[in-house]
$ cat input-v1.json   # JSON, C-alpha atoms
[["chain", "number", "residue", "atom", "x", "y", "z"],
["A", 1, "MET", "CA", 123.86, 48.75, -0.14],
["A", 2, "LYS", "CA", 122.02, 49.32, -3.41],
["A", 3, "ILE", "CA", 118.35, 48.31, -3.23],
["A", 4, "LYS", "CA", 117.02, 46.03, -5.97],
["A", 5, "ARG", "CA", 113.86, 47.76, -7.16],
["A", 6, "LYS", "CA", 111.48, 46.79, -9.94],
["A", 7, "GLY", "CA", 108.97, 49.01, -11.70],
["A", 8, "LEU", "CA", 105.28, 48.58, -12.44],
["A", 9, "ILE", "CA", 103.25, 50.65, -14.89],
["A", 10, "LEU", "CA", 99.49, 50.36, -14.50],
["A", 11, "ALA", "CA", 98.13, 51.06, -17.97],
["A", 12, "GLY", "CA", 94.71, 49.44, -17.82],
["A", 13, "GLY", "CA", 91.31, 50.93, -17.14],
["A", 14, "SER", "CA", 88.44, 51.61, -19.49],
["A", 15, "GLY", "CA", 89.23, 55.26, -20.21],
["A", 16, "THR", "CA", 85.57, 56.24, -20.15],
["A", 17, "ARG", "CA", 86.35, 59.89, -19.43],
["A", 18, "LEU", "CA", 88.12, 60.03, -22.78],
["A", 19, "HIS", "CA", 85.38, 58.38, -24.85],
["A", 20, "PRO", "CA", 84.91, 58.27, -27.80],
["A", 21, "ALA", "CA", 88.68, 58.61, -28.35],
["A", 22, "THR", "CA", 89.32, 55.52, -26.23],
["A", 23, "HIS", "CA", 86.50, 53.29, -27.46],
["A", 24, "VAL", "CA", 88.93, 50.95, -29.21],
["A", 25, "VAL", "CA", 92.34, 51.92, -27.84],
["A", 26, "SER", "CA", 93.90, 52.26, -24.39],
["A", 27, "LYS", "CA", 94.28, 55.88, -23.34],
["A", 28, "GLN", "CA", 97.95, 55.24, -22.52],
["A", 29, "LEU", "CA", 98.52, 54.56, -26.22],
["A", 30, "LEU", "CA", 97.14, 57.96, -27.24],
["A", 31, "PRO", "CA", 99.76, 60.53, -28.24],
["A", 32, "VAL", "CA", 100.83, 63.29, -25.88],
["A", 33, "TYR", "CA", 102.25, 65.64, -28.50],
["A", 34, "ASP", "CA", 104.93, 63.58, -30.28],
["A", 35, "LYS", "CA", 105.03, 60.26, -28.45],
["A", 36, "PRO", "CA", 102.66, 57.69, -26.91],
["A", 37, "MET", "CA", 101.44, 58.51, -23.42],
["A", 38, "VAL", "CA", 103.04, 55.37, -21.97],
["A", 39, "TYR", "CA", 106.49, 56.73, -22.88],
["A", 40, "TYR", "CA", 106.17, 59.32, -20.11],
["A", 41, "PRO", "CA", 105.73, 56.99, -17.09],
["A", 42, "LEU", "CA", 108.25, 54.61, -18.62],
["A", 43, "SER", "CA", 110.76, 57.46, -18.87],
["A", 44, "THR", "CA", 110.13, 58.36, -15.21],
["A", 45, "LEU", "CA", 111.08, 54.88, -14.06],
["A", 46, "MET", "CA", 114.14, 55.00, -16.31],
["A", 47, "LEU", "CA", 115.20, 58.33, -14.79],
["A", 48, "ALA", "CA", 114.93, 56.68, -11.37],
["A", 49, "GLY", "CA", 117.35, 54.02, -12.61],
["A", 50, "ILE", "CA", 114.82, 51.17, -12.84],
["A", 51, "ARG", "CA", 115.32, 48.70, -15.70],
["A", 52, "ASP", "CA", 113.10, 45.69, -14.82],
["A", 53, "ILE", "CA", 109.54, 46.83, -15.50],
["A", 54, "LEU", "CA", 106.12, 45.16, -15.60],
["A", 55, "ILE", "CA", 103.41, 46.72, -17.76],
["A", 56, "ILE", "CA", 99.89, 45.85, -16.63],
["A", 57, "SER", "CA", 96.95, 46.33, -18.97],
["A", 58, "THR", "CA", 93.71, 44.85, -20.27],
["A", 59, "PRO", "CA", 93.51, 41.63, -22.31],
["A", 60, "GLN", "CA", 92.62, 43.55, -25.48],
["A", 61, "ASP", "CA", 95.31, 46.22, -25.08],
["A", 62, "LEU", "CA", 98.28, 44.22, -23.80],
["A", 63, "PRO", "CA", 99.27, 42.92, -27.27],
["A", 64, "ARG", "CA", 99.42, 46.53, -28.50],
["A", 65, "TYR", "CA", 101.86, 47.45, -25.72],
["A", 66, "GLU", "CA", 104.00, 44.44, -26.58],
["A", 67, "GLN", "CA", 103.98, 45.50, -30.24],
["A", 68, "LEU", "CA", 104.95, 49.07, -29.33],
["A", 69, "LEU", "CA", 107.59, 48.41, -26.68],
["A", 70, "GLY", "CA", 108.79, 44.87, -27.25],
["A", 71, "THR", "CA", 111.20, 43.39, -24.74],
["A", 72, "GLY", "CA", 112.71, 46.80, -24.00],
["A", 73, "GLU", "CA", 116.14, 45.45, -24.94],
["A", 74, "GLN", "CA", 116.57, 48.27, -27.47],
["A", 75, "TRP", "CA", 116.66, 50.72, -24.52],
["A", 76, "GLY", "CA", 118.63, 48.48, -22.16],
["A", 77, "LEU", "CA", 115.44, 47.48, -20.33],
["A", 78, "ASN", "CA", 113.75, 44.22, -19.39],
["A", 79, "LEU", "CA", 110.02, 44.68, -20.04],
["A", 80, "ASN", "CA", 107.42, 42.17, -18.87],
["A", 81, "TYR", "CA", 103.65, 42.15, -19.34],
["A", 82, "ALA", "CA", 100.67, 41.09, -17.22],
["A", 83, "LEU", "CA", 96.90, 41.12, -17.60],
["A", 84, "GLN", "CA", 94.46, 43.08, -15.46],
["A", 85, "PRO", "CA", 91.16, 41.36, -16.36],
["A", 86, "SER", "CA", 89.07, 44.09, -14.75],
["A", 87, "PRO", "CA", 89.93, 47.52, -13.28],
["A", 88, "ASP", "CA", 89.60, 46.68, -9.59],
["A", 89, "GLY", "CA", 91.80, 49.41, -8.15],
["A", 90, "LEU", "CA", 95.38, 50.61, -8.21],
["A", 91, "ALA", "CA", 96.52, 48.42, -5.33],
["A", 92, "GLN", "CA", 95.52, 45.40, -7.41],
["A", 93, "ALA", "CA", 98.79, 45.94, -9.31],
["A", 94, "TYR", "CA", 100.59, 44.37, -6.34],
["A", 95, "ILE", "CA", 98.47, 41.24, -6.46],
["A", 96, "ILE", "CA", 98.93, 40.93, -10.23],
["A", 97, "GLY", "CA", 102.65, 41.69, -10.02],
["A", 98, "GLU", "CA", 103.50, 39.53, -6.99],
["A", 99, "SER", "CA", 105.53, 36.91, -8.87],
["A", 100, "PHE", "CA", 107.32, 39.58, -10.94],
["A", 101, "ILE", "CA", 108.32, 41.55, -7.82],
["A", 102, "GLY", "CA", 109.52, 38.46, -5.97],
["A", 103, "ASN", "CA", 111.64, 39.50, -2.99],
["A", 104, "ASP", "CA", 112.49, 42.96, -4.33],
["A", 105, "SER", "CA", 111.30, 46.47, -3.59],
["A", 106, "SER", "CA", 109.24, 48.28, -6.22],
["A", 107, "ALA", "CA", 107.98, 51.51, -7.71],
["A", 108, "LEU", "CA", 104.48, 51.82, -9.13],
["A", 109, "ILE", "CA", 103.53, 54.56, -11.59],
["A", 110, "LEU", "CA", 100.19, 55.23, -13.24],
["A", 111, "GLY", "CA", 100.25, 55.10, -17.02],
["A", 112, "ASP", "CA", 98.56, 58.48, -17.46],
["A", 113, "ASN", "CA", 100.92, 60.49, -15.21],
["A", 114, "ILE", "CA", 103.61, 62.84, -16.51],
["A", 115, "PHE", "CA", 106.45, 64.14, -14.34],
["A", 116, "TYR", "CA", 108.90, 66.82, -15.41],
["A", 117, "GLY", "CA", 111.72, 68.69, -13.73],
["A", 118, "HIS", "CA", 115.45, 69.23, -14.11],
["A", 119, "ASP", "CA", 116.48, 67.24, -11.02],
["A", 120, "MET", "CA", 114.06, 64.32, -11.21],
["A", 121, "PRO", "CA", 116.79, 61.65, -10.68],
["A", 122, "GLN", "CA", 117.93, 63.47, -7.53],
["A", 123, "LEU", "CA", 114.33, 63.75, -6.33],
["A", 124, "PHE", "CA", 113.91, 59.98, -6.65],
["A", 125, "ASN", "CA", 117.27, 59.08, -5.12],
["A", 126, "ASN", "CA", 116.14, 59.00, -1.48],
["A", 127, "ALA", "CA", 113.10, 56.90, -2.36],
["A", 128, "MET", "CA", 115.24, 54.52, -4.40],
["A", 129, "GLN", "CA", 117.63, 53.96, -1.48],
["A", 130, "GLN", "CA", 114.98, 53.49, 1.20],
["A", 131, "GLN", "CA", 115.19, 49.92, 2.48],
["A", 132, "ASN", "CA", 112.04, 49.89, 4.60],
["A", 133, "GLY", "CA", 108.67, 51.54, 4.20],
["A", 134, "ALA", "CA", 107.12, 53.62, 1.46],
["A", 135, "THR", "CA", 107.71, 56.97, -0.23],
["A", 136, "ILE", "CA", 105.00, 58.91, -2.04],
["A", 137, "PHE", "CA", 105.03, 62.39, -3.57],
["A", 138, "ALA", "CA", 102.63, 65.25, -2.89],
["A", 139, "TYR", "CA", 101.95, 68.14, -5.27],
["A", 140, "HIS", "CA", 100.04, 71.38, -4.63],
["A", 141, "VAL", "CA", 96.89, 71.56, -6.80],
["A", 142, "HIS", "CA", 93.85, 73.84, -6.99],
["A", 143, "ASP", "CA", 91.35, 70.94, -7.17],
["A", 144, "PRO", "CA", 92.46, 68.44, -4.49],
["A", 145, "GLU", "CA", 89.02, 66.85, -4.29],
["A", 146, "ARG", "CA", 89.90, 64.91, -7.47],
["A", 147, "TYR", "CA", 92.78, 63.08, -5.79],
["A", 148, "GLY", "CA", 94.08, 61.41, -2.68],
["A", 149, "VAL", "CA", 94.87, 64.28, -0.30],
["A", 150, "VAL", "CA", 97.62, 64.49, 2.33],
["A", 151, "GLU", "CA", 97.11, 66.46, 5.55],
["A", 152, "PHE", "CA", 100.23, 67.81, 7.31],
["A", 153, "ASP", "CA", 100.82, 69.35, 10.71],
["A", 154, "ASN", "CA", 102.81, 72.58, 11.16],
["A", 155, "GLN", "CA", 106.09, 70.63, 11.19],
["A", 156, "GLY", "CA", 105.28, 68.85, 7.93],
["A", 157, "LYS", "CA", 104.39, 65.50, 9.53],
["A", 158, "THR", "CA", 101.73, 63.51, 7.73],
["A", 159, "LEU", "CA", 98.49, 63.36, 9.72],
["A", 160, "SER", "CA", 96.08, 61.74, 7.28],
["A", 161, "ILE", "CA", 95.46, 60.62, 3.71],
["A", 162, "GLU", "CA", 91.96, 60.71, 2.24],
["A", 163, "GLU", "CA", 90.77, 59.51, -1.15],
["A", 164, "LYS", "CA", 88.81, 62.14, -3.12],
["A", 165, "PRO", "CA", 87.45, 63.97, -0.04],
["A", 166, "THR", "CA", 84.48, 66.32, -0.47],
["A", 167, "GLN", "CA", 86.18, 68.75, 1.93],
["A", 168, "PRO", "CA", 89.95, 68.37, 1.45],
["A", 169, "LYS", "CA", 92.16, 69.11, 4.46],
["A", 170, "SER", "CA", 94.94, 70.50, 2.25],
["A", 171, "ASN", "CA", 95.75, 71.31, -1.36],
["A", 172, "TYR", "CA", 98.42, 68.61, -1.56],
["A", 173, "ALA", "CA", 97.44, 65.76, -3.87],
["A", 174, "VAL", "CA", 99.17, 62.39, -3.91],
["A", 175, "THR", "CA", 100.73, 61.88, -7.32],
["A", 176, "GLY", "CA", 100.60, 58.62, -9.24],
["A", 177, "LEU", "CA", 104.11, 57.50, -8.28],
["A", 178, "TYR", "CA", 104.73, 55.22, -5.30],
["A", 179, "PHE", "CA", 107.88, 53.58, -3.94],
["A", 180, "TYR", "CA", 107.37, 50.55, -1.67],
["A", 181, "ASP", "CA", 109.43, 47.93, 0.09],
["A", 182, "ASN", "CA", 108.63, 44.28, -0.52],
["A", 183, "ASN", "CA", 105.93, 44.27, 2.16],
["A", 184, "ALA", "CA", 103.54, 46.04, -0.24],
["A", 185, "VAL", "CA", 102.77, 42.68, -1.85],
["A", 186, "HIS", "CA", 101.53, 41.25, 1.45],
["A", 187, "LEU", "CA", 99.74, 44.40, 2.59],
["A", 188, "ALA", "CA", 97.83, 44.66, -0.70],
["A", 189, "ARG", "CA", 96.26, 41.29, -0.03],
["A", 190, "ASP", "CA", 94.84, 42.58, 3.26],
["A", 191, "ILE", "CA", 93.07, 45.56, 1.68],
["A", 192, "LYS", "CA", 89.29, 45.35, 1.48],
["A", 193, "PRO", "CA", 87.42, 46.83, -1.51],
["A", 194, "SER", "CA", 86.17, 50.37, -0.96],
["A", 195, "GLN", "CA", 82.63, 51.59, -1.51],
["A", 196, "ARG", "CA", 83.61, 51.97, -5.15],
["A", 197, "GLY", "CA", 84.45, 48.26, -5.18],
["A", 198, "GLU", "CA", 88.17, 48.94, -5.70],
["A", 199, "LEU", "CA", 91.39, 48.14, -3.89],
["A", 200, "GLU", "CA", 92.45, 51.71, -3.14],
["A", 201, "ILE", "CA", 96.11, 52.72, -3.23],
["A", 202, "THR", "CA", 95.23, 55.24, -0.51],
["A", 203, "ASP", "CA", 94.44, 52.32, 1.82],
["A", 204, "LEU", "CA", 97.86, 50.81, 1.09],
["A", 205, "ASN", "CA", 99.54, 54.13, 1.84],
["A", 206, "ARG", "CA", 97.51, 54.47, 5.02],
["A", 207, "LEU", "CA", 98.73, 51.06, 6.24],
["A", 208, "TYR", "CA", 102.31, 52.25, 5.86],
["A", 209, "MET", "CA", 101.45, 55.53, 7.58],
["A", 210, "GLU", "CA", 99.90, 53.75, 10.56],
["A", 211, "GLN", "CA", 103.14, 51.78, 10.99],
["A", 212, "GLY", "CA", 105.17, 55.00, 10.87],
["A", 213, "LEU", "CA", 106.79, 53.84, 7.63],
["A", 214, "LEU", "CA", 105.40, 56.37, 5.15],
["A", 215, "GLN", "CA", 107.61, 59.15, 3.80],
["A", 216, "VAL", "CA", 105.86, 61.99, 1.92],
["A", 217, "GLU", "CA", 108.09, 64.07, -0.35],
["A", 218, "ILE", "CA", 106.83, 67.44, -1.58],
["A", 219, "MET", "CA", 107.23, 68.19, -5.27],
["A", 220, "GLY", "CA", 107.87, 71.91, -5.28],
["A", 221, "ARG", "CA", 107.41, 74.68, -7.82],
["A", 222, "GLY", "CA", 110.34, 73.50, -9.90],
["A", 223, "HIS", "CA", 108.50, 70.31, -10.81],
["A", 224, "THR", "CA", 105.51, 69.63, -13.01],
["A", 225, "TRP", "CA", 103.02, 66.83, -12.50],
["A", 226, "LEU", "CA", 100.22, 66.26, -14.99],
["A", 227, "ASP", "CA", 97.64, 63.54, -15.33],
["A", 228, "THR", "CA", 95.89, 63.03, -18.64],
["A", 229, "GLY", "CA", 92.57, 61.46, -17.74],
["A", 230, "THR", "CA", 90.28, 64.02, -19.42],
["A", 231, "HIS", "CA", 90.16, 65.65, -22.84],
["A", 232, "GLU", "CA", 91.17, 68.99, -21.34],
["A", 233, "SER", "CA", 94.12, 67.62, -19.32],
["A", 234, "LEU", "CA", 95.30, 65.57, -22.30],
["A", 235, "LEU", "CA", 95.33, 68.72, -24.44],
["A", 236, "ASP", "CA", 97.07, 70.68, -21.69],
["A", 237, "ALA", "CA", 99.76, 68.01, -21.39],
["A", 238, "GLY", "CA", 100.37, 68.01, -25.15],
["A", 239, "MET", "CA", 100.67, 71.79, -25.22],
["A", 240, "PHE", "CA", 103.04, 71.74, -22.24],
["A", 241, "VAL", "CA", 105.35, 69.20, -23.88],
["A", 242, "SER", "CA", 105.22, 71.06, -27.18],
["A", 243, "THR", "CA", 106.05, 74.41, -25.58],
["A", 244, "VAL", "CA", 109.01, 73.13, -23.53],
["A", 245, "GLN", "CA", 110.46, 71.11, -26.39],
["A", 246, "ARG", "CA", 110.19, 73.88, -28.97],
["A", 247, "ARG", "CA", 111.66, 76.44, -26.56],
["A", 248, "GLN", "CA", 114.59, 74.33, -25.38],
["A", 249, "GLY", "CA", 115.16, 72.10, -28.36],
["A", 250, "LEU", "CA", 115.32, 69.20, -25.88],
["A", 251, "LYS", "CA", 112.79, 66.40, -25.75],
["A", 252, "ILE", "CA", 110.79, 65.20, -22.76],
["A", 253, "ALA", "CA", 110.45, 61.43, -22.18],
["A", 254, "CYS", "CA", 112.77, 60.46, -25.03],
["A", 255, "LEU", "CA", 113.48, 56.84, -24.09],
["A", 256, "GLU", "CA", 116.45, 56.50, -26.43],
["A", 257, "GLU", "CA", 118.12, 59.60, -25.00],
["A", 258, "ILE", "CA", 117.63, 58.49, -21.39],
["A", 259, "ALA", "CA", 119.04, 55.04, -22.18],
["A", 260, "TYR", "CA", 122.02, 56.63, -23.93],
["A", 261, "ARG", "CA", 122.76, 59.10, -21.13],
["A", 262, "ASN", "CA", 122.41, 56.29, -18.56],
["A", 263, "ASP", "CA", 124.98, 54.27, -20.55],
["A", 264, "TRP", "CA", 122.46, 51.50, -21.05],
["A", 265, "ILE", "CA", 123.03, 51.72, -24.83],
["A", 266, "ASN", "CA", 126.06, 52.99, -26.74],
["A", 267, "ALA", "CA", 126.40, 55.43, -29.63],
["A", 268, "GLU", "CA", 126.20, 52.68, -32.24],
["A", 269, "GLN", "CA", 122.95, 51.37, -30.77],
["A", 270, "LEU", "CA", 121.50, 54.89, -30.59],
["A", 271, "GLU", "CA", 122.32, 55.51, -34.24],
["A", 272, "LYS", "CA", 120.67, 52.22, -35.17],
["A", 273, "LEU", "CA", 117.48, 53.29, -33.36],
["A", 274, "ALA", "CA", 117.55, 56.76, -34.89],
["A", 275, "THR", "CA", 118.15, 55.87, -38.53],
["A", 276, "PRO", "CA", 114.65, 54.48, -39.32],
["A", 277, "LEU", "CA", 113.19, 57.71, -37.86],
["A", 278, "ALA", "CA", 115.53, 60.09, -39.68],
["A", 279, "LYS", "CA", 112.74, 61.59, -41.81],
["A", 280, "ASN", "CA", 111.06, 63.20, -38.79],
["A", 281, "ASP", "CA", 112.09, 65.53, -35.99],
["A", 282, "TYR", "CA", 112.29, 62.74, -33.42],
["A", 283, "GLY", "CA", 114.84, 60.77, -35.43],
["A", 284, "ARG", "CA", 116.89, 63.84, -36.30],
["A", 285, "TYR", "CA", 116.96, 64.76, -32.60],
["A", 286, "LEU", "CA", 118.41, 61.34, -31.77],
["A", 287, "LEU", "CA", 121.09, 61.70, -34.43],
["A", 288, "ASP", "CA", 121.99, 65.14, -33.09],
["A", 289, "LEU", "CA", 122.59, 63.61, -29.66],
["A", 290, "LEU", "CA", 125.62, 61.86, -31.12],
["A", 291, "LYS", "CA", 127.39, 65.11, -31.88],
["A", 292, "GLU", "CA", 126.10, 67.66, -29.33],
["A", 293, "LYS", "CA", 126.95, 67.87, -25.64],
["A", 294, "VAL", "CA", 123.95, 68.83, -23.50],
["A", 295, "PHE", "CA", 124.20, 69.30, -19.73]]
$ encode --input "input-v1.json" --output "structure tokens"
Amino acid sequence: MKIKRKGLILAGGSGTRLHPATHVVSKQLLPVYDKPMVYYPLSTLMLAGIRDILIISTPQDLPRYEQLLGTGEQWGLNLNYALQPSPDGLAQAYIIGESFIGNDSSALILGDNIFYGHDMPQLFNNAMQQQNGATIFAYHVHDPERYGVVEFDNQGKTLSIEEKPTQPKSNYAVTGLYFYDNNAVHLARDIKPSQRGELEITDLNRLYMEQGLLQVEIMGRGHTWLDTGTHESLLDAGMFVSTVQRRQGLKIACLEEIAYRNDWINAEQLEKLATPLAKNDYGRYLLDLLKEKVF
């Protein structure tokens, strides 16, 4: 049975690590090479096959997201919007999005996370089909103290998850992509604020782990995960996207292309989206999709 799953993109926060660039604009509206940052998490949910999506942001930034993305109908999506009055933790997304989620399962992605790899839809397939519990993804990094860290035993079983530990028990960081069953809405309400005063997503994951309902998937060397929370990582992400796109001639996080290849829009609709952009490389790329077969 196919699981009904909705998506949430958390695109709030104050972006202080990117000041002064983010003094008057949300960091998820900054460009990562040739497209707004929010396109990347949105494309990840689309690659997973999710079409009903809630975008959560600040009162001042939410109108800008609505102006940029609209209803999502142009890409075969149903986009909704919700306010996060103050940045009180990632797990707060499930309190804000409770009515949107309803009785469905969900996937939460952070608005400053970029995922790339040839078989991303296949990677997400098991998580998408999971009826009960949660699935998160771990990625090997050289600086795990910046993230939530997963500890494994010799058989790969998850032993613990710690948020930004001073002495990490592994180099596997939890990425900003989480798949949950409907119980996440109720569990999030039981989470107490941490010492930072936030509702930690690590605490939500730990609740699933304690119930034996947490699946941790390893993103291997064939995948790339980037976050863009600092000036350096934002530059790195832009250079990565630029390098791959120029080398392959294929775009990363092109929403129109994903919608077209998913059969959510047809050739006529794609051409209509491409025509106003025909004077730049992005628009010409879309028009080329109509006449070139890419595997």
$ residues_around --input "input-v1.json" --residues "A:Gly89" --least-positions-apart "6" --cutoff "7 Å" --atoms "all atoms listed in the file" --output "PDB file with C-alpha atoms, keeping the file's coordinate frame"
ATOM      1  CA  GLU A 198      88.170  48.940  -5.700  1.00  0.00           C
ATOM      2  CA  LEU A 199      91.390  48.140  -3.890  1.00  0.00           C
ATOM      3  CA  GLU A 200      92.450  51.710  -3.140  1.00  0.00           C
TER       4      GLU A 200
END
$ closest_residue --input "input-v1.json" --among "A:Tyr94, A:Arg261, A:Leu54, A:Gly283" --to "A:Leu187" --atoms "all atoms listed in the file"
A:Tyr94
$ closest_residue --input "input-v1.json" --among "A:His118, A:Lys272, A:His186, A:Lys169" --to "A:Val149" --atoms "all atoms listed in the file"
A:Lys169
$ closest_residue --input "input-v1.json" --among "A:Val150, A:Leu255, A:Leu83, A:Leu207" --to "A:Tyr40" --atoms "all atoms listed in the file"
A:Leu255
$ closest_residue --input "input-v1.json" --among "A:Ile50, A:Glu73, A:Phe115, A:Ile56" --to "A:Leu177" --atoms "all atoms listed in the file"
A:Phe115
$ decode --input "input-v1.json" --residues "stretch 252-269 of chain A" --atoms "N, CA, C and O atoms" --output "short mmCIF file (atom, residue, chain, number, x, y, z; two decimals), in the first residue's frame"
data_model
loop_
_atom_site.label_atom_id
_atom_site.label_comp_id
_atom_site.auth_asym_id
_atom_site.auth_seq_id
_atom_site.Cartn_x
_atom_site.Cartn_y
_atom_site.Cartn_z
N ILE A 252 21.39 20.72 -11.49
CA ILE A 252 21.02 20.19 -10.18
C ILE A 252 19.85 21.02 -9.66
O ILE A 252 19.83 22.25 -9.78
N ALA A 253 18.85 20.34 -9.08
CA ALA A 253 17.70 21.02 -8.44
C ALA A 253 16.92 21.89 -9.41
O ALA A 253 16.45 22.96 -9.04
N CYS A 254 16.78 21.44 -10.63
CA CYS A 254 15.95 22.14 -11.62
C CYS A 254 14.51 21.65 -11.43
O CYS A 254 14.16 20.54 -11.86
N LEU A 255 13.68 22.46 -10.82
CA LEU A 255 12.33 22.03 -10.44
C LEU A 255 11.49 21.69 -11.66
O LEU A 255 10.71 20.72 -11.64
N GLU A 256 11.63 22.48 -12.72
CA GLU A 256 10.87 22.22 -13.94
C GLU A 256 11.23 20.87 -14.56
O GLU A 256 10.36 20.12 -15.01
N GLU A 257 12.52 20.56 -14.56
CA GLU A 257 12.96 19.28 -15.13
C GLU A 257 12.44 18.11 -14.31
O GLU A 257 11.97 17.10 -14.88
N ILE A 258 12.52 18.20 -12.97
CA ILE A 258 12.04 17.11 -12.13
C ILE A 258 10.55 16.89 -12.34
O ILE A 258 10.08 15.76 -12.48
N ALA A 259 9.79 17.99 -12.37
CA ALA A 259 8.35 17.88 -12.60
C ALA A 259 8.05 17.24 -13.95
O ALA A 259 7.15 16.39 -14.07
N TYR A 260 8.82 17.61 -14.96
CA TYR A 260 8.62 17.06 -16.31
C TYR A 260 8.96 15.57 -16.35
O TYR A 260 8.21 14.76 -16.91
N ARG A 261 10.07 15.19 -15.75
CA ARG A 261 10.48 13.79 -15.77
C ARG A 261 9.59 12.92 -14.87
O ARG A 261 9.49 11.71 -15.08
N ASN A 262 8.95 13.53 -13.89
CA ASN A 262 8.00 12.81 -13.04
C ASN A 262 6.61 12.74 -13.67
O ASN A 262 5.69 12.17 -13.06
N ASP A 263 6.46 13.36 -14.84
CA ASP A 263 5.16 13.43 -15.53
C ASP A 263 4.12 14.21 -14.74
O ASP A 263 2.92 13.95 -14.82
N TRP A 264 4.60 15.18 -13.96
CA TRP A 264 3.68 16.06 -13.24
C TRP A 264 3.28 17.25 -14.11
O TRP A 264 2.27 17.89 -13.84
N ILE A 265 4.11 17.57 -15.11
CA ILE A 265 3.76 18.56 -16.13
C ILE A 265 4.11 17.96 -17.49
O ILE A 265 4.94 17.06 -17.59
N ASN A 266 3.46 18.46 -18.54
CA ASN A 266 3.72 17.93 -19.87
C ASN A 266 4.65 18.87 -20.65
O ASN A 266 5.08 19.91 -20.14
N ALA A 267 4.95 18.49 -21.88
CA ALA A 267 5.89 19.26 -22.70
C ALA A 267 5.39 20.68 -22.95
O ALA A 267 6.16 21.63 -22.94
N GLU A 268 4.10 20.82 -23.17
CA GLU A 268 3.54 22.15 -23.41
C GLU A 268 3.71 23.05 -22.19
O GLU A 268 4.06 24.23 -22.31
N GLN A 269 3.48 22.49 -21.00
CA GLN A 269 3.65 23.26 -19.78
C GLN A 269 5.11 23.62 -19.55
O GLN A 269 5.43 24.73 -19.09
#
